[in-house]
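entry_1.txt follows (compact mmCIF, C-alpha atoms and all ligand atoms):
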```txt
# COMPACT_ATOMS: atom_id res chain seq x y z
CA MET N 1397 16.64 69.33 -24.03
CA ALA N 1398 19.07 70.64 -21.43
CA SER N 1399 18.87 68.92 -18.08
CA PRO N 1400 17.24 71.04 -15.38
CA LEU N 1401 20.37 70.49 -13.30
CA ALA N 1402 22.55 72.15 -15.94
CA GLY N 1403 20.49 75.32 -15.72
CA ARG N 1404 20.63 75.26 -11.97
CA PHE N 1405 24.38 74.80 -12.04
CA ILE N 1406 24.81 77.87 -14.23
CA ILE N 1407 22.61 79.98 -12.01
CA ILE N 1408 24.45 78.90 -8.89
CA ARG N 1409 27.77 79.42 -10.54
CA ARG N 1410 26.88 82.90 -11.79
CA SER N 1411 25.84 84.02 -8.37
CA TRP N 1412 28.95 82.40 -6.95
CA VAL N 1413 31.23 84.39 -9.26
CA TYR N 1414 29.17 87.50 -8.73
CA ASN N 1415 29.20 87.27 -4.97
CA LEU N 1416 32.79 86.31 -4.59
CA SER N 1417 34.24 88.81 -7.00
CA ARG N 1418 32.02 91.77 -6.18
CA GLU N 1419 31.95 91.57 -2.43
CA PRO N 1420 35.39 92.31 -1.03
CA ASN N 1421 35.83 90.13 1.99
CA TRP N 1422 39.47 90.26 2.99
CA ASN N 1423 39.43 93.34 5.15
CA LYS N 1424 35.86 93.36 6.26
CA LYS N 1425 34.73 92.11 9.63
CA VAL N 1426 33.66 88.52 9.28
CA VAL N 1427 29.93 88.15 9.26
CA SER N 1428 29.65 84.55 10.18
CA MET N 1429 26.63 82.48 11.05
CA GLY N 1430 26.84 82.13 14.78
CA SER N 1431 29.27 84.97 15.35
CA ASP N 1432 29.13 87.79 17.89
CA ASP N 1433 26.26 87.15 20.24
CA ALA N 1434 25.90 83.40 19.75
CA LYS N 1435 27.04 81.13 22.56
CA ARG N 1436 30.25 79.13 22.12
CA ASP N 1437 28.68 75.74 21.31
CA THR N 1438 26.47 77.40 18.70
CA GLN N 1439 29.48 79.09 17.11
CA ILE N 1440 31.33 75.78 16.91
CA VAL N 1441 28.44 74.27 14.98
CA SER N 1442 27.54 77.27 12.83
CA GLY N 1443 30.76 79.20 12.19
CA GLY N 1444 31.90 79.38 8.55
CA ARG N 1445 28.68 77.97 7.13
CA GLU N 1446 27.78 81.02 5.00
CA SER N 1447 25.88 79.76 2.00
CA ILE N 1448 28.17 81.56 -0.48
CA HIS N 1449 30.80 79.03 0.55
CA THR N 1450 28.68 75.93 0.99
CA ILE N 1451 25.92 76.43 -1.60
CA ASP N 1452 23.75 75.24 1.30
CA VAL N 1453 25.36 71.82 1.60
CA VAL N 1454 25.93 71.34 5.35
CA ASN N 1455 29.69 70.92 4.93
CA PRO N 1456 31.52 73.10 2.40
CA PRO N 1457 32.41 71.37 -0.86
CA LEU N 1458 36.08 70.67 -1.56
CA TYR N 1459 37.08 73.37 -3.99
CA ARG N 1460 40.30 72.17 -5.60
CA ALA N 1461 41.58 75.20 -7.41
CA SER N 1462 44.70 76.69 -8.83
CA THR N 1463 43.00 78.66 -11.59
CA ILE N 1464 39.84 80.57 -10.75
CA LEU N 1465 38.01 82.03 -13.74
CA HIS N 1466 36.90 85.64 -13.68
CA PRO N 1467 33.85 87.22 -15.28
CA ASP N 1468 35.84 90.01 -17.00
CA THR N 1469 39.34 91.49 -17.26
CA ALA N 1470 38.55 94.13 -14.63
CA SER N 1471 37.97 91.36 -12.11
CA LEU N 1472 41.35 89.76 -12.90
CA GLY N 1473 43.36 92.60 -11.42
CA SER N 1474 40.85 94.04 -9.00
CA PRO N 1475 41.80 94.29 -5.33
CA ASP N 1476 38.13 93.63 -4.61
CA THR N 1477 38.32 90.11 -6.05
CA VAL N 1478 38.18 87.68 -3.16
CA PHE N 1479 39.42 84.48 -4.73
CA GLY N 1480 41.73 85.60 -7.50
CA TYR N 1481 43.97 82.55 -7.59
CA GLY N 1482 44.00 79.24 -5.72
CA ARG N 1483 46.94 80.11 -3.50
CA ARG N 1484 45.14 83.22 -2.28
CA GLY N 1485 42.17 81.29 -0.96
CA SER N 1486 39.19 79.15 -1.76
CA PRO N 1487 35.69 78.84 -0.38
CA THR N 1488 36.63 75.70 1.60
CA ARG N 1489 39.47 77.56 3.28
CA ALA N 1490 37.34 80.66 3.78
CA ALA N 1491 34.76 78.56 5.61
CA LEU N 1492 37.39 77.41 8.13
CA GLU N 1493 38.91 80.90 8.39
CA ASN N 1494 35.53 82.41 9.14
CA ALA N 1495 34.77 79.70 11.68
CA MET N 1496 38.11 80.30 13.41
CA ALA N 1497 37.70 84.09 13.43
CA ALA N 1498 34.24 83.75 14.98
CA LEU N 1499 35.37 81.20 17.54
CA ASP N 1500 38.55 83.05 18.53
CA GLY N 1501 36.54 86.27 18.68
CA GLY N 1502 39.03 88.15 16.48
CA PHE N 1503 38.69 90.38 13.43
CA LYS N 1504 40.03 87.94 10.82
CA SER N 1505 41.79 84.58 10.61
CA LEU N 1506 44.27 83.17 8.13
CA LEU N 1507 45.29 79.54 7.81
CA ALA N 1508 48.81 78.20 7.65
CA PRO N 1509 49.96 74.72 6.57
CA SER N 1510 50.96 73.86 10.15
CA GLY N 1511 50.84 75.35 13.63
CA LEU N 1512 54.54 76.10 13.36
CA ALA N 1513 53.96 77.92 10.05
CA ALA N 1514 51.28 80.03 11.77
CA ILE N 1515 53.91 81.09 14.32
CA THR N 1516 56.71 81.74 11.83
CA THR N 1517 54.37 83.64 9.47
CA THR N 1518 53.23 85.82 12.34
CA PHE N 1519 56.82 86.69 13.27
CA LEU N 1520 57.75 87.38 9.64
CA SER N 1521 54.68 89.58 9.23
CA THR N 1522 55.21 91.68 12.35
CA LEU N 1523 58.99 92.05 12.87
CA ASN N 1524 61.64 94.11 11.07
CA ALA N 1525 65.42 94.03 11.26
CA GLY N 1526 66.52 95.86 14.40
CA ASP N 1527 63.34 94.96 16.31
CA HIS N 1528 63.43 93.16 19.63
CA LEU N 1529 61.32 90.06 20.29
CA LEU N 1530 60.56 88.68 23.75
CA VAL N 1531 59.75 84.96 23.84
CA THR N 1532 58.60 82.86 26.79
CA ASP N 1533 61.21 80.34 27.89
CA GLY N 1534 58.40 77.78 27.98
CA CYS N 1535 57.67 78.00 24.25
CA TYR N 1536 57.17 75.01 21.97
CA SER N 1537 60.73 74.07 21.12
CA PRO N 1538 60.49 74.50 17.28
CA THR N 1539 59.37 78.11 17.93
CA ARG N 1540 62.73 78.66 19.63
CA THR N 1541 64.56 76.97 16.75
CA PHE N 1542 62.94 79.42 14.32
CA CYS N 1543 63.81 82.45 16.46
CA ASN N 1544 67.42 81.39 16.92
CA ASN N 1545 68.13 80.10 13.42
CA VAL N 1546 66.03 82.33 11.18
CA LEU N 1547 64.93 85.53 12.91
CA LYS N 1548 68.36 86.26 14.37
CA ARG N 1549 69.91 85.92 10.90
CA PHE N 1550 67.57 88.66 9.68
CA GLY N 1551 68.63 91.05 12.41
CA VAL N 1552 65.87 90.49 14.95
CA GLU N 1553 67.07 90.58 18.53
CA VAL N 1554 65.53 87.73 20.59
CA THR N 1555 65.38 87.49 24.39
CA TYR N 1556 63.77 84.64 26.34
CA TYR N 1557 61.92 85.42 29.56
CA ASP N 1558 60.67 83.44 32.55
CA PRO N 1559 57.12 82.23 31.73
CA THR N 1560 56.01 83.16 35.27
CA ILE N 1561 57.42 86.70 34.99
CA GLY N 1562 54.00 88.42 35.07
CA ASP N 1563 54.29 92.18 35.57
CA GLY N 1564 58.06 91.72 35.90
CA ILE N 1565 58.10 91.72 32.07
CA ARG N 1566 58.60 95.50 32.42
CA ALA N 1567 62.23 94.88 33.36
CA VAL N 1568 62.98 93.09 30.07
CA LEU N 1569 60.92 95.22 27.69
CA GLN N 1570 63.15 97.43 25.55
CA GLU N 1571 62.50 100.57 23.52
CA ASN N 1572 62.69 98.46 20.35
CA THR N 1573 60.54 95.57 21.64
CA LYS N 1574 57.90 95.07 18.94
CA VAL N 1575 56.48 91.67 19.83
CA VAL N 1576 56.00 89.77 23.08
CA PHE N 1577 55.33 86.08 22.49
CA LEU N 1578 53.39 84.06 25.07
CA GLU N 1579 52.44 80.40 25.34
CA SER N 1580 50.27 79.38 28.25
CA PRO N 1581 50.60 76.83 29.64
CA SER N 1582 54.23 76.25 28.67
CA SER N 1583 54.99 73.30 26.39
CA GLN N 1584 56.07 70.29 28.49
CA THR N 1585 56.34 72.19 31.81
CA PHE N 1586 52.82 73.66 31.98
CA GLU N 1587 53.42 76.95 33.81
CA ILE N 1588 50.45 79.29 33.43
CA GLN N 1589 51.31 82.84 32.38
CA ASP N 1590 49.71 86.00 33.75
CA THR N 1591 48.66 87.06 30.28
CA ARG N 1592 46.86 90.22 31.35
CA ALA N 1593 49.88 91.57 33.26
CA ILE N 1594 52.20 90.87 30.32
CA THR N 1595 49.96 92.29 27.58
CA THR N 1596 49.25 95.43 29.63
CA ALA N 1597 52.96 96.16 30.03
CA ALA N 1598 53.62 95.36 26.34
CA LYS N 1599 50.91 97.77 25.23
CA GLU N 1600 52.48 100.59 27.23
CA VAL N 1601 55.64 100.41 25.11
CA GLY N 1602 53.75 99.88 21.84
CA ALA N 1603 54.63 96.18 21.50
CA ILE N 1604 52.05 93.71 20.26
CA SER N 1605 51.29 90.49 22.12
CA VAL N 1606 51.13 87.17 20.29
CA LEU N 1607 49.88 84.09 22.12
CA ASP N 1608 50.10 80.40 21.19
CA ASN N 1609 46.71 79.10 22.35
CA THR N 1610 47.11 75.51 21.15
CA TRP N 1611 46.67 73.87 24.57
CA ALA N 1612 43.51 75.72 25.55
CA THR N 1613 41.82 76.38 22.18
CA PRO N 1614 39.39 79.33 22.18
CA LEU N 1615 37.06 77.17 24.25
CA LEU N 1616 39.17 77.28 27.39
CA PHE N 1617 41.05 80.56 27.06
CA ARG N 1618 39.82 83.74 25.38
CA PRO N 1619 43.04 85.51 24.36
CA PHE N 1620 41.42 88.74 23.14
CA ASP N 1621 39.72 89.22 26.53
CA HIS N 1622 43.22 89.31 28.07
CA GLY N 1623 44.80 91.95 25.86
CA VAL N 1624 46.33 89.62 23.25
CA ASP N 1625 46.59 91.12 19.73
CA ILE N 1626 47.29 87.99 17.69
CA CYS N 1627 46.38 84.43 18.62
CA VAL N 1628 48.11 81.54 16.84
CA GLN N 1629 47.33 77.90 17.23
CA SER N 1630 48.04 74.48 15.92
CA ILE N 1631 44.69 73.32 14.53
CA THR N 1632 46.47 69.97 14.21
CA LYS N 1633 45.79 69.32 17.90
CA TYR N 1634 42.36 69.61 19.53
CA ILE N 1635 40.55 71.52 16.80
CA ALA N 1636 41.15 68.93 14.08
CA GLY N 1637 41.10 66.36 16.84
CA HIS N 1638 41.66 63.18 14.83
CA SER N 1639 45.44 62.98 14.31
CA ASP N 1640 45.14 63.12 10.54
CA VAL N 1641 45.80 66.71 9.54
CA LEU N 1642 48.43 69.43 10.01
CA LEU N 1643 47.14 73.00 10.01
CA GLY N 1644 47.57 76.28 11.85
CA SER N 1645 45.61 79.48 12.27
CA ILE N 1646 46.43 83.11 12.89
CA THR N 1647 43.68 85.33 14.27
CA GLY N 1648 44.16 89.01 14.97
CA ILE N 1649 42.37 92.08 16.22
CA GLU N 1650 41.61 94.76 13.64
CA ASP N 1651 44.38 97.16 14.78
CA VAL N 1652 47.17 94.76 13.81
CA TRP N 1653 45.62 93.15 10.77
CA LYS N 1654 46.30 95.70 8.02
CA ALA N 1655 49.67 94.38 6.81
CA PHE N 1656 48.82 90.72 7.33
CA PRO N 1657 47.11 89.53 4.13
CA LEU N 1658 49.83 91.03 1.92
CA ARG N 1659 52.79 89.70 3.89
CA TYR N 1660 51.14 86.32 4.41
CA GLY N 1661 50.44 86.15 0.67
CA ALA N 1662 54.02 87.13 -0.13
CA LEU N 1663 55.31 84.13 1.84
CA GLY N 1664 53.55 81.70 -0.48
CA MET N 1665 51.37 80.11 2.16
CA ASN N 1666 48.88 77.57 0.90
CA VAL N 1667 46.51 75.16 2.59
CA SER N 1668 44.88 72.24 0.84
CA PRO N 1669 41.08 72.22 0.75
CA ASP N 1670 41.11 68.61 2.03
CA ASP N 1671 42.93 69.68 5.17
CA ALA N 1672 40.61 72.64 5.71
CA TYR N 1673 37.65 70.30 5.27
CA LEU N 1674 38.98 67.77 7.79
CA ALA N 1675 39.72 70.51 10.31
CA LEU N 1676 36.21 71.93 9.97
CA ARG N 1677 34.74 68.48 10.42
CA GLY N 1678 36.82 68.00 13.55
CA LEU N 1679 35.93 71.44 14.86
CA ARG N 1680 32.19 70.68 14.87
CA THR N 1681 32.60 68.24 17.78
CA LEU N 1682 35.16 70.25 19.77
CA GLY N 1683 32.48 71.35 22.21
CA VAL N 1684 31.71 67.78 23.27
CA ARG N 1685 35.27 66.44 23.07
CA MET N 1686 36.95 69.04 25.27
CA PRO N 1687 34.91 68.50 28.44
CA ARG N 1688 35.58 64.75 28.11
CA HIS N 1689 39.32 65.29 27.66
CA HIS N 1690 39.21 67.57 30.71
CA ALA N 1691 37.36 65.05 32.89
CA ASN N 1692 39.37 62.00 31.78
CA ALA N 1693 42.71 63.76 32.16
CA LEU N 1694 41.85 65.11 35.58
CA ARG N 1695 40.91 61.59 36.75
CA VAL N 1696 44.22 60.20 35.56
CA ALA N 1697 46.15 63.23 36.93
CA GLN N 1698 44.57 62.82 40.37
CA TRP N 1699 45.38 59.11 40.40
CA LEU N 1700 48.99 59.92 39.45
CA THR N 1701 49.25 62.54 42.22
CA ASP N 1702 48.83 59.79 44.81
CA HIS N 1703 51.27 57.40 43.17
CA ASP N 1704 54.52 56.78 45.07
CA GLN N 1705 56.57 56.66 41.85
CA VAL N 1706 55.42 60.15 40.87
CA ALA N 1707 57.20 63.24 42.18
CA ARG N 1708 54.87 65.85 40.69
CA VAL N 1709 52.00 66.14 38.26
CA LEU N 1710 52.17 69.20 36.01
CA HIS N 1711 48.49 69.90 35.52
CA PRO N 1712 47.17 73.45 36.06
CA ALA N 1713 43.75 72.26 37.25
CA LEU N 1714 45.30 70.56 40.29
CA PRO N 1715 45.20 72.84 43.37
CA GLU N 1716 48.89 72.16 44.11
CA HIS N 1717 49.97 73.51 40.71
CA ALA N 1718 52.06 76.66 41.28
CA GLN N 1719 49.89 78.86 39.05
CA HIS N 1720 46.59 77.14 39.81
CA ASP N 1721 45.03 80.43 40.96
CA ILE N 1722 45.82 82.16 37.66
CA TRP N 1723 44.49 79.17 35.74
CA LYS N 1724 41.28 79.31 37.76
CA ARG N 1725 40.93 83.04 37.22
CA ASP N 1726 41.62 83.03 33.46
CA PHE N 1727 40.78 79.61 32.00
CA LEU N 1728 37.42 77.93 31.45
CA GLY N 1729 38.73 74.37 31.74
CA ALA N 1730 41.64 72.11 30.86
CA CYS N 1731 42.32 69.87 27.91
CA GLY N 1732 43.75 66.33 28.11
CA THR N 1733 47.45 67.18 28.00
CA PHE N 1734 49.73 67.43 31.02
CA GLY N 1735 53.15 66.48 32.32
CA VAL N 1736 54.39 64.10 34.98
CA VAL N 1737 57.69 64.27 36.85
CA LEU N 1738 58.61 60.75 37.97
CA GLN N 1739 60.67 59.83 41.00
CA PRO N 1740 64.34 59.41 40.06
CA ALA N 1741 64.79 56.45 37.70
CA PRO N 1742 67.08 55.62 34.76
CA GLN N 1743 65.79 56.46 31.25
CA SER N 1744 65.91 52.73 30.46
CA ALA N 1745 63.28 52.15 33.15
CA VAL N 1746 61.11 54.93 31.70
CA ALA N 1747 61.45 53.20 28.33
CA ALA N 1748 60.34 49.89 29.91
CA MET N 1749 57.29 51.70 31.29
CA LEU N 1750 56.30 53.46 28.06
CA ASP N 1751 57.28 50.83 25.51
CA HIS N 1752 54.59 48.34 26.47
CA LEU N 1753 51.55 50.49 27.14
CA ASP N 1754 48.38 49.06 25.57
CA HIS N 1755 46.24 52.17 25.28
CA PHE N 1756 48.80 54.95 24.90
CA GLY N 1757 50.49 55.40 21.55
CA LEU N 1758 54.08 56.63 21.52
CA GLY N 1759 54.00 59.67 19.31
CA PHE N 1760 54.38 63.41 19.13
CA SER N 1761 51.45 65.80 19.03
CA PHE N 1762 48.32 65.66 21.15
CA GLY N 1763 44.65 66.56 20.88
CA GLY N 1764 43.48 63.52 18.95
CA PHE N 1765 40.75 61.18 20.23
CA GLU N 1766 43.40 58.65 21.27
CA SER N 1767 45.84 58.73 24.19
CA LEU N 1768 49.55 59.38 23.71
CA ALA N 1769 52.67 59.30 25.86
CA ILE N 1770 56.22 60.59 25.30
CA PRO N 1771 59.29 61.07 27.46
CA THR N 1772 60.20 64.79 27.61
CA HIS N 1773 63.41 66.65 28.40
CA PRO N 1774 62.38 70.23 29.13
CA GLU N 1775 65.64 70.94 30.96
CA LYS N 1776 67.46 70.80 27.61
CA TYR N 1777 65.69 73.78 26.07
CA ARG N 1778 65.62 76.40 28.82
CA THR N 1779 67.92 79.39 28.55
CA ALA N 1780 66.32 82.16 30.65
CA THR N 1781 65.37 79.85 33.51
CA THR N 1782 66.49 76.50 34.79
CA TRP N 1783 64.16 73.56 34.99
CA SER N 1784 65.48 70.93 37.34
CA PRO N 1785 62.93 68.16 37.80
CA GLU N 1786 63.21 65.61 40.58
CA GLY N 1787 63.34 62.77 38.05
CA PRO N 1788 62.53 61.91 34.42
CA CYS N 1789 59.58 63.69 32.79
CA ILE N 1790 56.84 62.34 30.59
CA ARG N 1791 53.93 64.00 28.83
CA LEU N 1792 50.55 62.35 28.56
CA HIS N 1793 47.68 63.17 26.28
CA ILE N 1794 44.53 61.64 27.67
CA GLY N 1795 42.11 60.70 24.92
CA LEU N 1796 38.49 59.67 24.92
CA GLU N 1797 39.02 56.08 26.13
CA ASP N 1798 37.57 55.01 29.48
CA PRO N 1799 39.97 56.49 32.06
CA ASP N 1800 39.79 53.28 34.14
CA ASP N 1801 41.50 51.40 31.31
CA LEU N 1802 44.14 54.12 31.04
CA ILE N 1803 44.83 54.00 34.77
CA LYS N 1804 45.19 50.19 34.73
CA ASP N 1805 47.55 50.51 31.77
CA LEU N 1806 49.69 53.10 33.57
CA ASP N 1807 49.68 51.02 36.74
CA ARG N 1808 51.15 48.07 34.82
CA GLY N 1809 53.67 50.54 33.37
CA PHE N 1810 54.73 51.64 36.86
CA LYS N 1811 55.37 48.00 37.79
CA ARG N 1812 57.69 47.70 34.79
CA LEU N 1813 59.34 50.99 35.79
CA ARG N 1814 59.96 49.66 39.30
CA ASP N 1815 61.28 46.30 38.03
CA ALA N 1816 63.67 48.03 35.63
CA SER N 1817 64.95 50.64 38.13
C1 LIG W 1 52.16 71.19 18.13
C2 LIG W 1 52.35 72.59 18.53
C3 LIG W 1 52.72 73.57 17.62
C4 LIG W 1 53.04 73.23 16.17
O1 LIG W 1 51.95 72.74 15.50
P1 LIG W 1 52.11 71.84 14.16
O2 LIG W 1 50.74 71.88 13.60
O3 LIG W 1 52.60 70.50 14.58
O4 LIG W 1 53.11 72.58 13.31
C5 LIG W 1 52.84 74.86 18.04
N1 LIG W 1 52.61 75.19 19.32
C6 LIG W 1 52.25 74.29 20.23
C7 LIG W 1 52.00 74.72 21.63
C8 LIG W 1 52.12 72.95 19.88
O5 LIG W 1 51.77 72.05 20.81
```
In structure tokens, how does this file's structure come out?
Ligand SMILES: *Cc1c(COP(=O)(O)O)cnc(C)c1O
Amino acid sequence: MASPLAGRFIIIRRSWVYNLSREPNWNKKVVSMGSDDAKRDTQIVSGGRESIHTIDVVNPPLYRASTILHPDTASLGSPDTVFGYGRRGSPTRAALENAMAALDGGFKSLLAPSGLAAITTTFLSTLNAGDHLLVTDGCYSPTRTFCNNVLKRFGVEVTYYDPTIGDGIRAVLQENTKVVFLESPSSQTFEIQDTRAITTAAKEVGAISVLDNTWATPLLFRPFDHGVDICVQSITKYIAGHSDVLLGSITGIEDVWKAFPLRYGALGMNVSPDDAYLALRGLRTLGVRMPRHHANALRVAQWLTDHDQVARVLHPALPEHAQHDIWKRDFLGACGTFGVVLQPAPQSAVAAMLDHLDHFGLGFSFGGFESLAIPTHPEKYRTATTWSPEGPCIRLHIGLEDPDDLIKDLDRGFKRLRDAS
């Protein structure tokens, strides 16, 4: 006698194949549990949990797939087939894509194997030879490396602009400007951009606006409410939140999405189901992690502001930050990542401070549950503007530890800094 489970498996599997191959999904607005009118915290919990992907398990199963079997030959070549081949998608990935699209508030999302790949894929999918690209001078440094070493070779003209340019962007927009790239706040220097002013001017010349929203996540900044057309982010950071996965996302509005799936597919992008699973698992607690990062980081930032070995704290939520008013107008909070400009000291003294911290790891990235510190050198990357800090710079990521312990740790670090200066 066949086991009752075997029968059930076949029924589930038939409906799975039927649903996935007969209901074209790629260019349809995402209908996600918790989308549209649901509040943000509800979307974080519910997004991407459609039962066709999860078979009603709370978390989507890990679908490891290269080959996907089709019910008939017509399905093999049909443009309506959703999951034709493993590289083109899987239910585990679709669950995260749908969750990201709902949370970002865009039309569709695609995943990339890293945040950087999300950025490079977006450029390669939107720019042609002879086009002009405007990039904020405060961009994540590998973004600049890609523009200078890859895009320029393919005949794309690249100009860097002052992150605080605002409406002044009009002066650097050209007839052939096709993409304006924003990142707010800037990597390492934390200037806040006037996104609305920049996207408005870009629209007037027919350029699309792409914004790297990694720092804020869709929780703290809503790019599509400020005229952005495509939002990219490193899921690696706050969304995954546990320092164990690299992943990126690209979310767009409907007007710019048409060419995306084909060009993205042509680039050979693939994301492992394990990584998509981990990112989704991290995402579910984003709503409770972010306010804690915000509060802990602000405590530490305020303590640093009063410290005599600190020249300046680069945190947009502090009233003395140069673009604090724009941050207050446009953002819904801050994450745990900010910069510190120290009073003049030799790099060896900065090393003495950072090398022996108990609660801060020394490592790149941010957004995990644990605190991190790195020395930074933003002055090295700028080309459109100069960045001349009063002293050495560091970047801190404030995790979910008790901020009192972090402050004591930093205080001991400052003593070492003084002794070594
Ligand atoms: C880390 C980061 C990226 C790149 O993300 P990866 O997932 O490490 O490739 C892109 N932009 C910003 C602002 C980042 O902080």
Checklist entry - When distances are computed from all atoms listed in the file, which of N:Gly1757, N:Pro1538, N:Gly1764, N:Pro1614 shows the smallest separation from ligand LIG 1 (chain W)? => result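 Nearest candidate to ligand LIG 1 (chain W) out of N:Gly1757, N:Pro1538, N:Gly1764, N:Pro1614: N:Pro1538.
Proximity to ligand LIG 1 (chain W) was assessed for N:Thr1781, N:Ser1744, N:Ser1510, N:Ser1442 counting all atoms listed in the file; the smallest distance is recorded for N:Ser1510.
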Checklist entry - Leu1615 in chain N: which residues within 12 Å, counting all atoms listed in the file, same-chain residues fewer than 5 positions away excluded, as number ranges by chain? => result N: 1435-1440, 1496, 1498-1501, 1609-1610, 1634-1635, 1679, 1681-1687, 1690, 1726-1731
Checklist entry - Any idea what's packed within 9 Å of range 1652-1661 of chain N, counting all atoms listed in the file, ignoring anything in its chain fewer than 3 positions away? Could you give it as an MDAnalysis selection string? => result chainID N and resid 1422:1423 1483:1484 1503:1504 1506 1517:1518 1520:1522 1604 1625:1626 1647:1649 1664:1666
Report, as JSON, the centre and edge lengths in Å (one decimal) of the axis-aligned box enclosing every listed atom of ligand LIG 1 (chain W), padded by 3 Å on each side.
```
{"center_x": 51.9, "center_y": 72.8, "center_z": 17.5, "size_x": 8.4, "size_y": 10.7, "size_z": 14.3}
```
Sorted by chain and rising residue number, which residues of range 1559-1606 of chain N lie within 10 Å of range 1707-1714 of chain N, and what are their closest atom pairs and distances in Å to one decimal, counting all atoms listed in the file, as JSON lines?
```
{"residue": "N:Pro1581", "atom": "CA", "partner": "N:Pro1712", "partner_atom": "CA", "distance": 8.0}
{"residue": "N:Gln1584", "atom": "CA", "partner": "N:Leu1710", "partner_atom": "CA", "distance": 8.5}
{"residue": "N:Thr1585", "atom": "CA", "partner": "N:Leu1710", "partner_atom": "CA", "distance": 6.6}
{"residue": "N:Phe1586", "atom": "CA", "partner": "N:Leu1710", "partner_atom": "CA", "distance": 6.0}
{"residue": "N:Glu1587", "atom": "CA", "partner": "N:Pro1712", "partner_atom": "CA", "distance": 7.5}
{"residue": "N:Ile1588", "atom": "CA", "partner": "N:Pro1712", "partner_atom": "CA", "distance": 7.2}
```
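Look at Tyr1556 in chain N: the protein and nucleic acid residues within 7 Å of it, using only C-alpha atoms and passing over chain neighbours fewer than 6 places away, are Leu1530, Val1531, Thr1532, Asp1533 and Ala1780 of chain N.
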Item to check | Using all atoms listed in the file: which of N:His1755, N:Arg1540, N:His1622, N:Arg1688 has the shortest distance to ligand LIG 1 (chain W) | outcome: N:Arg1540
Next on the checklist: Using all atoms listed in the file for the distances, tell me which of N:Gly1732, N:Pro1740, N:Pro1715, N:Pro1559 is nearest to Ile1794 in chain N.
Outcome noted: N:Gly1732
Could you make a table, as a Markdown table, of the residues of chain N that have an atom within 10 Å of an atom of ligand LIG 1 (chain W), each with its nearest atom pair and distance in Å to one decimal, counting all atoms listed in the file, in chain and number order?
```
| residue | atom | partner | partner_atom | distance |
| --- | --- | --- | --- | --- |
| N:Ala1508 | CA | W:LIG1 | O2 | 8.9 |
| N:Pro1509 | CA | W:LIG1 | O2 | 7.6 |
| N:Ser1510 | CA | W:LIG1 | O2 | 4.0 |
| N:Gly1511 | CA | W:LIG1 | O1 | 3.4 |
| N:Leu1512 | CA | W:LIG1 | O4 | 3.8 |
| N:Ala1513 | CA | W:LIG1 | O4 | 6.3 |
| N:Ala1514 | CA | W:LIG1 | O4 | 7.8 |
| N:Ile1515 | CA | W:LIG1 | C5 | 7.3 |
| N:Thr1516 | CA | W:LIG1 | O4 | 10.0 |
| N:Gly1534 | CA | W:LIG1 | C7 | 9.5 |
| N:Cys1535 | CA | W:LIG1 | C7 | 7.1 |
| N:Tyr1536 | CA | W:LIG1 | C7 | 5.2 |
| N:Ser1537 | CA | W:LIG1 | N1 | 8.4 |
| N:Pro1538 | CA | W:LIG1 | C4 | 7.6 |
| N:Thr1539 | CA | W:LIG1 | C5 | 7.3 |
| N:Glu1579 | CA | W:LIG1 | C7 | 6.8 |
| N:Ser1580 | CA | W:LIG1 | C7 | 8.3 |
| N:Pro1581 | CA | W:LIG1 | C7 | 8.4 |
| N:Ser1582 | CA | W:LIG1 | C7 | 7.5 |
| N:Ser1583 | CA | W:LIG1 | C7 | 5.8 |
| N:Gln1584 | CA | W:LIG1 | O5 | 9.0 |
| N:Leu1607 | CA | W:LIG1 | C7 | 9.6 |
| N:Asp1608 | CA | W:LIG1 | C7 | 6.0 |
| N:Asn1609 | CA | W:LIG1 | C7 | 6.9 |
| N:Thr1610 | CA | W:LIG1 | C7 | 5.0 |
| N:Trp1611 | CA | W:LIG1 | C7 | 6.1 |
| N:Ala1612 | CA | W:LIG1 | C7 | 9.4 |
| N:Val1628 | CA | W:LIG1 | N1 | 8.2 |
| N:Gln1629 | CA | W:LIG1 | N1 | 6.3 |
| N:Ser1630 | CA | W:LIG1 | O1 | 4.3 |
| N:Ile1631 | CA | W:LIG1 | O2 | 6.3 |
| N:Thr1632 | CA | W:LIG1 | O2 | 4.7 |
| N:Lys1633 | CA | W:LIG1 | C1 | 6.6 |
| N:Tyr1634 | CA | W:LIG1 | O5 | 9.8 |
| N:Val1641 | CA | W:LIG1 | O2 | 8.2 |
| N:Leu1642 | CA | W:LIG1 | O2 | 4.9 |
| N:Leu1643 | CA | W:LIG1 | O2 | 5.2 |
| N:Gly1644 | CA | W:LIG1 | O2 | 5.7 |
| N:Ser1645 | CA | W:LIG1 | O2 | 9.3 |
| N:Thr1733 | CA | W:LIG1 | O5 | 9.7 |
| N:Phe1760 | CA | W:LIG1 | C1 | 8.2 |
| N:Ser1761 | CA | W:LIG1 | C1 | 5.5 |
| N:Phe1762 | CA | W:LIG1 | O5 | 7.3 |
| N:Gly1763 | CA | W:LIG1 | O5 | 9.0 |
```
Report as a CSV table (one decimal) with C-alpha atoms, keeping the file's coordinate frame all protein, DNA and RNA residues lying within 10 Å of Cys1543 in chain N, evaluated on only C-alpha atoms, omitting residues in the same chain fewer than 4 positions from it.
```csv
chain,number,residue,atom,x,y,z
N,1516,THR,CA,56.7,81.7,11.8
N,1519,PHE,CA,56.8,86.7,13.3
N,1529,LEU,CA,61.3,90.1,20.3
N,1531,VAL,CA,59.8,85.0,23.8
N,1538,PRO,CA,60.5,74.5,17.3
N,1539,THR,CA,59.4,78.1,17.9
N,1547,LEU,CA,64.9,85.5,12.9
N,1548,LYS,CA,68.4,86.3,14.4
N,1549,ARG,CA,69.9,85.9,10.9
N,1550,PHE,CA,67.6,88.7,9.7
N,1552,VAL,CA,65.9,90.5,15.0
N,1553,GLU,CA,67.1,90.6,18.5
N,1554,VAL,CA,65.5,87.7,20.6
N,1555,THR,CA,65.4,87.5,24.4
```
